[in-house]
Structures are given as structure tokens and as C-alpha cells.
Amino acid sequence: MKRLWMSLAVLSLLVYQKPSIVMYFLIALLGVVSIISLYRKFGRSRKESLLAVFCHVLLDAITLFCILMRYLNFVSDVESLRLPNYMTLLLKPHPDVSYETVQIKNDTINIIMYRPKVIRNNGVIIYAHGGGWVMFTARMFHSAVSWIAHECQMVVISVDYRRPPEHTFPQPLLDVYHTVLWTQLNAAKLGVDPEKVILMGDSSGGNLAAGATNLHRDYLQQGKHAFPPIRAQVLIYPVLQAYSYLSPSYVDKDLTTLRKFVSYYVAGDLSLTEMAGDPGAVVGVPAYWSSVVEPSSEVESHESVPSLKVSRSLEDKGPDNLTNAYCFPLLETDTRGLPPTYMLALSRDAIRDDAAHYAAWLCAGGVEVEWLEESHATHGFMFLYGTDECALGHLRKIVEFVWTELGHDDRDEED
């Protein structure tokens with residue numbers, strides 16, 4: 001029911017800002033579409049609760065609304081992508097978790113620090129949110145991240161990284177990386193252990209978490225910092241590459257939005273929408289592997305791209321970033337020093353095969369990987385945990401992974 005009111009609030013705010021007969025017509029149209037879609041989806045899946053299905057449909061309706069707003073030129077393309085952020089006005093954290101917004105690195109990076117009432121672990125999770133790099137703010141994940149803090153019984157820091165197109169690669173990545181360094185530097189004051197840092201992210205945030213983990217590892221090996229290595233990383237259906245969309249999971253998928261997000265991230269505009277994912281348009285990239293890969297120690301996924309020229313420069317611009325290993329971690333070639341990894345992929349997701357290849361490559365390099373694949377969910381489902389038992393189950397598995405990697409579990413002890 002909370003999500004129903006949040007969605008209605010979004011529509012009400014938009015009507016208040018852009019009142020017109022067309023706007024009211026669009027809302028009525030979305031209502032009809034929602035009812036039809038609700039009936040069809042509920043008829044196909046008796047296993048889902050009516051409320052869960054309705055929430056999925058309502059999110060679809062809001063997406064359609066944003067598309068129509070853009071089509072009618074009420075808002076710019078980027079503004080239409082960011083319209084759902086109105087929902088942050090009604091999002092509340094877990095009642096047993098306090099939070100504060102802190103500005104770090106000379107007030108250039110905003111972070112939200114979540115601290116549960118009961119803390120039984122001095123580790124810390126640094127969370128990078130999803131949303132195609134462009135769309136959402138950290139506040140959109142207020143409820144879910146505070147729930148993670150409560151269940152893990154530890155401090156969680158959510159990075160409100162600067163977003164493209166205003167801030168392109170490497171700025172979002174560096175915001176996450178500098179948050180890690182700030183946390184380790186101020187660990188005593190924060191009451192956390194600098195040796196127990198876990199990087200976590202979903203979708204584009206999973207991209208940033210993986211990239212920041214690799215960057216932290218490299219700079220440690222190069223002597224550019226002396227902080228402890230990252231303890232573990234949790235990658236939730238991460239975006240890992242954009243140089244070839246030819247693997248089986250990409251087939252018959254509409255990749256328009258994905259290409260748009262990639263172009264905004266690497267170029268700050270839509271100039272690379274056609275080049276993204278096209279191996280013929282990127283110099284040095286051969287045809288992508290064509291078989292479905294499962295994460296196992298026998299697979300050496302990088303054998304398929306022997307001529308690929310990988311960059312690790314943070315000075316690359318535009319199309320050069322499509323083959324930058326920090327921008328797209330699937331291009332990484334060195335597993336040494338990388339931490340244990342929890343990888344969740346979705347069978348129906350276009351980016352599923354990339355997650356499998358990354359997990360396979362990590363396994364082949366001796367990195368501990370916990371691989372989970374969900375076949376009955378769509379991209380972004382994790383944060384419907386309030387109405388979706390499948391999402392709640394996966395979040396609980398992530399909590400167990402966090403506690404296992406930190407070495408002990410005393411959650412059942414008395415306060």
C-alpha cells in the first residue's frame with residue numbers, strides 16, 4: 001500500500017507542476033493501462049500476491065508516464081528519467097535505523113550514513129545505488145539500504161555519487177572510491193574496522209562497486225594508498241561491459257535504454273548510443289563469445305577477446321571509455337588481490353551473460369565467488385522486498401554472505 005501512495009504522490013506532484021487537460025488525460029490513460037496489465041499479469045502468475053503484482057504494474061505505469069512526458073516535450077530526456085525521484089519525499093528509513101547526510105572531500109560528495117540501534121558488527125558496507133548512473137539519487141534507496149543496515153546490524157554508507165550527463169566517467173566511480181578512502185581514514189571516529197569494508201551495488205551501482213574495488217586494489221599495489229584491501233564485494237545484476245551486445249542474453253532484448261545510459265555515462269550526451277555494444281564500432285574488439293557461459297573454474301572468458309586493447313586511464317574520453325577496465329570491469333585481466341564476491345544475476349536480464357563471464361573469470365583466477373541466478377524476476381526487483389518474497393529471500397542471502405565474510409555471527413546473542 002505504501003508504494004501505491006508513493007506512486008499516486010508522484011503523479012499528483014507532476015499534475016501540480018504541469019496542470020493541463022492533457023496531463024489529466026494521461027493519468028486516466030495510465031489508470032486504464034494499469035488495470036489491464038494488472039489483470040493480465042495476475043492471471044499469468046498465481047504465485048505472486050495481488051499487492052506485489054500491482055506494485056510491479058504501477059512501476060510500469062510510472063515508466064510509461066515518464067516516456068509520455070518526454071514525448072510531449074513537457075520535460076527534457078534527462079528530466080524525464082529523473083521524474084521517479086519525486087518518490088523520495090515519501091520514502092522512510094527502517095524505524096530502528098538512524099541516518100545522517102554528510103558531505104566529504106571538501107563538500108563535493110554527499111553520503112548518507114545509516115546506523116542501526118543495535119550494532120553487533122564493526123564492519124561497514126559502502127553502497128552504490130543503481131539507476132543507469134543517470135536516474136536515481138541515494139534517497140531513492142532509503143528504505144532498502146536502511147533495511148540492510150538493520151539486518152546486518154552494522155553501519156552502511158550510501159554514496160550519493162554525482163551523476164551523468166553533468167558528471168561523466170570517471171566522476172561517479174571516483175566518488176565511490178573516495179568514499180571508501182574517507183571511511184577507512186575515519187574508521188576510528190565512525191566506530192568501524194577499516195579492514196572490514198564491503199563494497200555493494202546494484203545494476204549501474206554494481207558497475208561502480210566492481211570498478212572501485214579494482215581501482216582500490218590497483219592503487220594499493222602501486223603504493224598510492226596504504227589502507228587495507230576491500231574485504232568483499234556484493235554485485236547485484238551489475239552492468240559490466242558495453243563493447244559488445246552479441247551474447248545470447250542480449251538477443252531479442254530492447255537495448256535502447258541501456259545504450260542511452262551508457263552514452264550518457266561515458267560521453268555526457270547521446271553521441272555513442274549506436275556505438276555502445278557494437279564490436280564493429282570499437283577498435284580492436286573481435287566478435288563476442290557466442291555460447292552461454294556458466295560460472296565455473298574451467299571457463300577462461302577472456303580467451304574470446306585476445307586482441308582487445310584495454311585501457312586503465314582515468315583520463316580517457318568518449319568512445320575510449322568503452323574499452324576502459326575501470327569503466328567496465330568485465331575488461332579487467334588481473335584477478336590478483338580481488339576479494340570474495342557475491343554475484344546475483346537474473347536469467348531474463350540482458351546483462352545476465354556478462355555477470356556469468358565475470359564470475360567465471362574470477363573463479364578461474366582463484367577468487368571465491370558465490371553465484372546465484374534468479375529465473376523468476378526482472379531487473380530492479382530486489383527493492384520490492386516489501387511485497388516480493390523472492391526479493392526478500394535474496395536480500396537475506398546477501399546478509400548471510402556479509403556475516404560469513406566478516407568471520408563471525410553473534411546476532412542471536414542477548415544485547
# chains A, B, ... in the order shown; residues from 1 in each chain; ligands from 1
>>> select_by_dssp(residues="segment 165-211 of chain A", states="helix (DSSP H, G or I)", output="PyMOL selection string")
chain A and resi 171-185+187-190+204-211
>>> atom_distance(atom1="atom CA of Ala325 of chain A", atom2="atom CA of Asn106 of chain A")
27.8 Å
>>> closest_residue(among="A:Asn321, A:Thr341, A:Ser204, A:Ser98", to="Pro172 of chain A", atoms="only C-alpha atoms")
A:Ser204
>>> closest_residue(among="A:Glu151, A:Asp175, A:Asp354, A:Asp252", to="Arg396 of chain A", atoms="only C-alpha atoms")
A:Glu151
>>> closest_residue(among="A:Gln153, A:Gly277, A:Trp133, A:Asp269", to="Thr256 of chain A", atoms="only C-alpha atoms")
A:Gly277
>>> residues_around(residues="Asp160 of chain A", least_positions_apart="3", cutoff="7 Å", atoms="only C-alpha atoms", output="list in words")
Asn110, Ile111, Thr137 and Ala138 of chain A
>>> residues_around(residues="Lys317 of chain A", least_positions_apart="4", cutoff="9 Å", atoms="only C-alpha atoms", output="CSV table (one decimal) with N, CA, C and O atoms, in the first residue's frame")
chain,number,residue,atom,x,y,z
A,169,PHE,N,32.0,9.6,-16.6
A,169,PHE,CA,33.1,8.8,-16.1
A,169,PHE,C,34.4,9.6,-16.2
A,169,PHE,O,34.6,10.3,-17.2
A,266,VAL,N,29.5,7.6,-20.4
A,266,VAL,CA,30.9,7.8,-20.9
A,266,VAL,C,31.1,9.0,-21.7
A,266,VAL,O,32.3,9.5,-21.9
A,267,ALA,N,30.1,9.6,-22.3
A,267,ALA,CA,30.2,10.8,-23.2
A,267,ALA,C,29.5,12.0,-22.7
A,267,ALA,O,29.8,13.1,-23.2
A,321,ASN,N,36.3,5.1,-23.5
A,321,ASN,CA,35.9,4.5,-22.2
A,321,ASN,C,35.2,3.2,-22.4
A,321,ASN,O,35.0,2.4,-21.5
>>> select_by_dssp(residues="segment 174-362 of chain A", states="strand (DSSP E or B)", output="list in words")
Val197, Ile198, Leu199, Met200, Gly201, Asp202, Ala232, Gln233, Val234, Leu235, Ile236, Ser311, Asn324, Thr341, Tyr342, Met343, Leu344, Ala345 and Leu346 of chain A
>>> write_last_selection(atoms="N, CA, C and O atoms", output="PDB file, in the first residue's frame")
ATOM      1  N   VAL A 197      35.705  -3.550   5.203  1.00  0.00           N
ATOM      2  CA  VAL A 197      34.911  -2.757   4.266  1.00  0.00           C
ATOM      3  C   VAL A 197      34.373  -3.670   3.170  1.00  0.00           C
ATOM      4  O   VAL A 197      35.140  -4.383   2.514  1.00  0.00           O
ATOM      5  N   ILE A 198      33.056  -3.641   2.977  1.00  0.00           N
ATOM      6  CA  ILE A 198      32.411  -4.398   1.908  1.00  0.00           C
ATOM      7  C   ILE A 198      31.786  -3.418   0.931  1.00  0.00           C
ATOM      8  O   ILE A 198      31.040  -2.527   1.331  1.00  0.00           O
ATOM      9  N   LEU A 199      32.110  -3.565  -0.345  1.00  0.00           N
ATOM     10  CA  LEU A 199      31.500  -2.736  -1.382  1.00  0.00           C
ATOM     11  C   LEU A 199      30.303  -3.479  -1.971  1.00  0.00           C
ATOM     12  O   LEU A 199      30.387  -4.672  -2.281  1.00  0.00           O
ATOM     13  N   MET A 200      29.185  -2.766  -2.112  1.00  0.00           N
ATOM     14  CA  MET A 200      27.948  -3.372  -2.587  1.00  0.00           C
ATOM     15  C   MET A 200      27.271  -2.423  -3.555  1.00  0.00           C
ATOM     16  O   MET A 200      27.326  -1.202  -3.386  1.00  0.00           O
ATOM     17  N   GLY A 201      26.639  -2.973  -4.598  1.00  0.00           N
ATOM     18  CA  GLY A 201      25.914  -2.128  -5.530  1.00  0.00           C
ATOM     19  C   GLY A 201      25.006  -2.940  -6.427  1.00  0.00           C
ATOM     20  O   GLY A 201      25.229  -4.134  -6.649  1.00  0.00           O
ATOM     21  N   ASP A 202      23.965  -2.296  -6.926  1.00  0.00           N
ATOM     22  CA  ASP A 202      23.040  -2.962  -7.848  1.00  0.00           C
ATOM     23  C   ASP A 202      23.046  -2.260  -9.192  1.00  0.00           C
ATOM     24  O   ASP A 202      23.169  -1.034  -9.273  1.00  0.00           O
ATOM     25  N   ALA A 232      35.248  -7.701   0.804  1.00  0.00           N
ATOM     26  CA  ALA A 232      34.376  -8.471  -0.098  1.00  0.00           C
ATOM     27  C   ALA A 232      33.577  -7.496  -0.948  1.00  0.00           C
ATOM     28  O   ALA A 232      33.500  -6.295  -0.641  1.00  0.00           O
ATOM     29  N   GLN A 233      32.996  -8.011  -2.031  1.00  0.00           N
ATOM     30  CA  GLN A 233      32.114  -7.183  -2.856  1.00  0.00           C
ATOM     31  C   GLN A 233      30.831  -7.952  -3.156  1.00  0.00           C
ATOM     32  O   GLN A 233      30.842  -9.181  -3.331  1.00  0.00           O
ATOM     33  N   VAL A 234      29.717  -7.225  -3.191  1.00  0.00           N
ATOM     34  CA  VAL A 234      28.401  -7.788  -3.491  1.00  0.00           C
ATOM     35  C   VAL A 234      27.891  -7.082  -4.743  1.00  0.00           C
ATOM     36  O   VAL A 234      27.635  -5.871  -4.728  1.00  0.00           O
ATOM     37  N   LEU A 235      27.754  -7.824  -5.830  1.00  0.00           N
ATOM     38  CA  LEU A 235      27.355  -7.268  -7.114  1.00  0.00           C
ATOM     39  C   LEU A 235      25.979  -7.818  -7.492  1.00  0.00           C
ATOM     40  O   LEU A 235      25.829  -9.019  -7.750  1.00  0.00           O
ATOM     41  N   ILE A 236      24.995  -6.949  -7.515  1.00  0.00           N
ATOM     42  CA  ILE A 236      23.607  -7.335  -7.763  1.00  0.00           C
ATOM     43  C   ILE A 236      23.251  -6.939  -9.195  1.00  0.00           C
ATOM     44  O   ILE A 236      23.193  -5.764  -9.532  1.00  0.00           O
ATOM     45  N   SER A 311      42.244  -0.236 -21.642  1.00  0.00           N
ATOM     46  CA  SER A 311      42.819   0.948 -21.013  1.00  0.00           C
ATOM     47  C   SER A 311      42.480   0.956 -19.527  1.00  0.00           C
ATOM     48  O   SER A 311      41.445   0.443 -19.106  1.00  0.00           O
ATOM     49  N   ASN A 324      37.616   0.664 -21.373  1.00  0.00           N
ATOM     50  CA  ASN A 324      38.336   1.024 -20.158  1.00  0.00           C
ATOM     51  C   ASN A 324      37.930   0.070 -19.038  1.00  0.00           C
ATOM     52  O   ASN A 324      36.744  -0.075 -18.741  1.00  0.00           O
ATOM     53  N   THR A 341      33.525 -12.586  -3.752  1.00  0.00           N
ATOM     54  CA  THR A 341      32.473 -11.873  -4.484  1.00  0.00           C
ATOM     55  C   THR A 341      31.151 -12.625  -4.414  1.00  0.00           C
ATOM     56  O   THR A 341      31.105 -13.836  -4.626  1.00  0.00           O
ATOM     57  N   TYR A 342      30.093 -11.885  -4.119  1.00  0.00           N
ATOM     58  CA  TYR A 342      28.723 -12.402  -4.208  1.00  0.00           C
ATOM     59  C   TYR A 342      28.127 -11.826  -5.489  1.00  0.00           C
ATOM     60  O   TYR A 342      28.087 -10.613  -5.677  1.00  0.00           O
ATOM     61  N   MET A 343      27.683 -12.691  -6.376  1.00  0.00           N
ATOM     62  CA  MET A 343      27.155 -12.253  -7.669  1.00  0.00           C
ATOM     63  C   MET A 343      25.734 -12.779  -7.850  1.00  0.00           C
ATOM     64  O   MET A 343      25.500 -13.987  -7.828  1.00  0.00           O
ATOM     65  N   LEU A 344      24.799 -11.856  -8.019  1.00  0.00           N
ATOM     66  CA  LEU A 344      23.416 -12.227  -8.308  1.00  0.00           C
ATOM     67  C   LEU A 344      23.084 -11.796  -9.724  1.00  0.00           C
ATOM     68  O   LEU A 344      23.248 -10.633 -10.092  1.00  0.00           O
ATOM     69  N   ALA A 345      22.625 -12.749 -10.541  1.00  0.00           N
ATOM     70  CA  ALA A 345      22.225 -12.458 -11.920  1.00  0.00           C
ATOM     71  C   ALA A 345      20.786 -12.907 -12.127  1.00  0.00           C
ATOM     72  O   ALA A 345      20.256 -13.729 -11.367  1.00  0.00           O
ATOM     73  N   LEU A 346      20.159 -12.367 -13.162  1.00  0.00           N
ATOM     74  CA  LEU A 346      18.778 -12.701 -13.481  1.00  0.00           C
ATOM     75  C   LEU A 346      18.732 -13.379 -14.842  1.00  0.00           C
ATOM     76  O   LEU A 346      19.282 -12.853 -15.824  1.00  0.00           O
TER      77      LEU A 346
END
>>> closest_residue(among="A:Thr378, A:Gln241, A:Thr333, A:Ser347", to="Arg312 of chain A", atoms="only C-alpha atoms")
A:Thr333
>>> closest_residue(among="A:Ala391, A:Arg139, A:Ile104, A:Cys327", to="Thr179 of chain A", atoms="only C-alpha atoms")
A:Ile104
>>> atom_distance(atom1="atom CA of Lys196 of chain A", atom2="atom CA of Pro93 of chain A")
23.9 Å
>>> residues_around(residues="His150 of chain A", least_positions_apart="4", cutoff="12 Å", atoms="only C-alpha atoms", output="NGL selection string")
:A and (93-99 or 114-121 or 125 or 143-146 or 154-156 or 395-396 or 399 or 411)
>>> write_last_selection(atoms="N, CA and C atoms", output="CSV table (one decimal), in the first residue's frame")
chain,number,residue,atom,x,y,z
A,93,PRO,N,13.2,5.6,6.3
A,93,PRO,CA,14.1,4.5,6.6
A,93,PRO,C,13.5,3.5,7.6
A,94,HIS,N,14.2,2.5,7.9
A,94,HIS,CA,13.7,1.5,8.9
A,94,HIS,C,13.6,2.2,10.2
A,95,PRO,N,12.5,1.9,11.0
A,95,PRO,CA,12.3,2.7,12.2
A,95,PRO,C,13.4,2.5,13.3
A,96,ASP,N,14.2,1.4,13.2
A,96,ASP,CA,15.3,1.2,14.1
A,96,ASP,C,16.6,1.6,13.6
A,97,VAL,N,16.7,2.4,12.5
A,97,VAL,CA,17.9,2.9,11.9
A,97,VAL,C,17.9,4.4,11.8
A,98,SER,N,18.9,5.0,12.4
A,98,SER,CA,19.1,6.5,12.3
A,98,SER,C,20.0,6.8,11.1
A,99,TYR,N,19.9,8.0,10.5
A,99,TYR,CA,20.7,8.3,9.4
A,99,TYR,C,21.1,9.8,9.4
A,114,TYR,N,23.9,5.3,7.6
A,114,TYR,CA,22.9,4.6,8.3
A,114,TYR,C,23.5,3.8,9.5
A,115,ARG,N,22.9,4.1,10.6
A,115,ARG,CA,23.4,3.4,11.9
A,115,ARG,C,22.3,2.8,12.6
A,116,PRO,N,22.2,1.4,12.6
A,116,PRO,CA,21.1,0.8,13.4
A,116,PRO,C,21.2,0.9,14.9
A,117,LYS,N,20.1,0.8,15.6
A,117,LYS,CA,20.1,0.9,17.1
A,117,LYS,C,21.0,-0.2,17.7
A,118,VAL,N,20.9,-1.3,17.1
A,118,VAL,CA,21.7,-2.5,17.6
A,118,VAL,C,22.8,-2.8,16.6
A,119,ILE,N,24.1,-2.6,17.0
A,119,ILE,CA,25.2,-2.8,16.2
A,119,ILE,C,26.0,-4.0,16.8
A,120,ARG,N,26.1,-5.1,16.1
A,120,ARG,CA,26.9,-6.2,16.6
A,120,ARG,C,28.1,-6.6,15.7
A,121,ASN,N,28.4,-5.7,14.7
A,121,ASN,CA,29.5,-5.9,13.8
A,121,ASN,C,30.2,-4.6,13.5
A,125,ILE,N,29.4,-1.4,5.3
A,125,ILE,CA,29.1,-1.6,3.9
A,125,ILE,C,29.0,-0.2,3.2
A,143,SER,N,14.8,3.2,2.0
A,143,SER,CA,14.2,2.1,2.7
A,143,SER,C,15.0,0.8,2.6
A,144,ALA,N,15.4,0.5,1.4
A,144,ALA,CA,16.2,-0.8,1.2
A,144,ALA,C,17.5,-0.8,1.9
A,145,VAL,N,18.3,0.3,1.8
A,145,VAL,CA,19.6,0.4,2.4
A,145,VAL,C,19.5,0.4,3.9
A,146,SER,N,18.6,1.1,4.4
A,146,SER,CA,18.4,1.1,5.9
A,146,SER,C,18.0,-0.3,6.4
A,154,MET,N,25.0,-3.3,11.3
A,154,MET,CA,26.3,-2.6,11.1
A,154,MET,C,26.0,-1.4,10.3
A,155,VAL,N,27.0,-0.5,10.3
A,155,VAL,CA,26.9,0.8,9.6
A,155,VAL,C,26.9,0.6,8.1
A,156,VAL,N,26.1,1.3,7.4
A,156,VAL,CA,26.0,1.3,5.9
A,156,VAL,C,26.1,2.7,5.5
A,395,LEU,N,17.7,-10.8,-0.5
A,395,LEU,CA,18.4,-9.8,0.5
A,395,LEU,C,18.9,-10.5,1.7
A,396,ARG,N,18.1,-11.5,2.2
A,396,ARG,CA,18.6,-12.3,3.4
A,396,ARG,C,19.8,-13.1,3.1
A,399,VAL,N,22.7,-10.8,3.3
A,399,VAL,CA,23.0,-10.6,4.7
A,399,VAL,C,23.9,-11.7,5.2
A,411,ARG,N,24.5,-12.6,16.1
A,411,ARG,CA,23.3,-11.8,16.1
A,411,ARG,C,22.2,-12.4,17.0
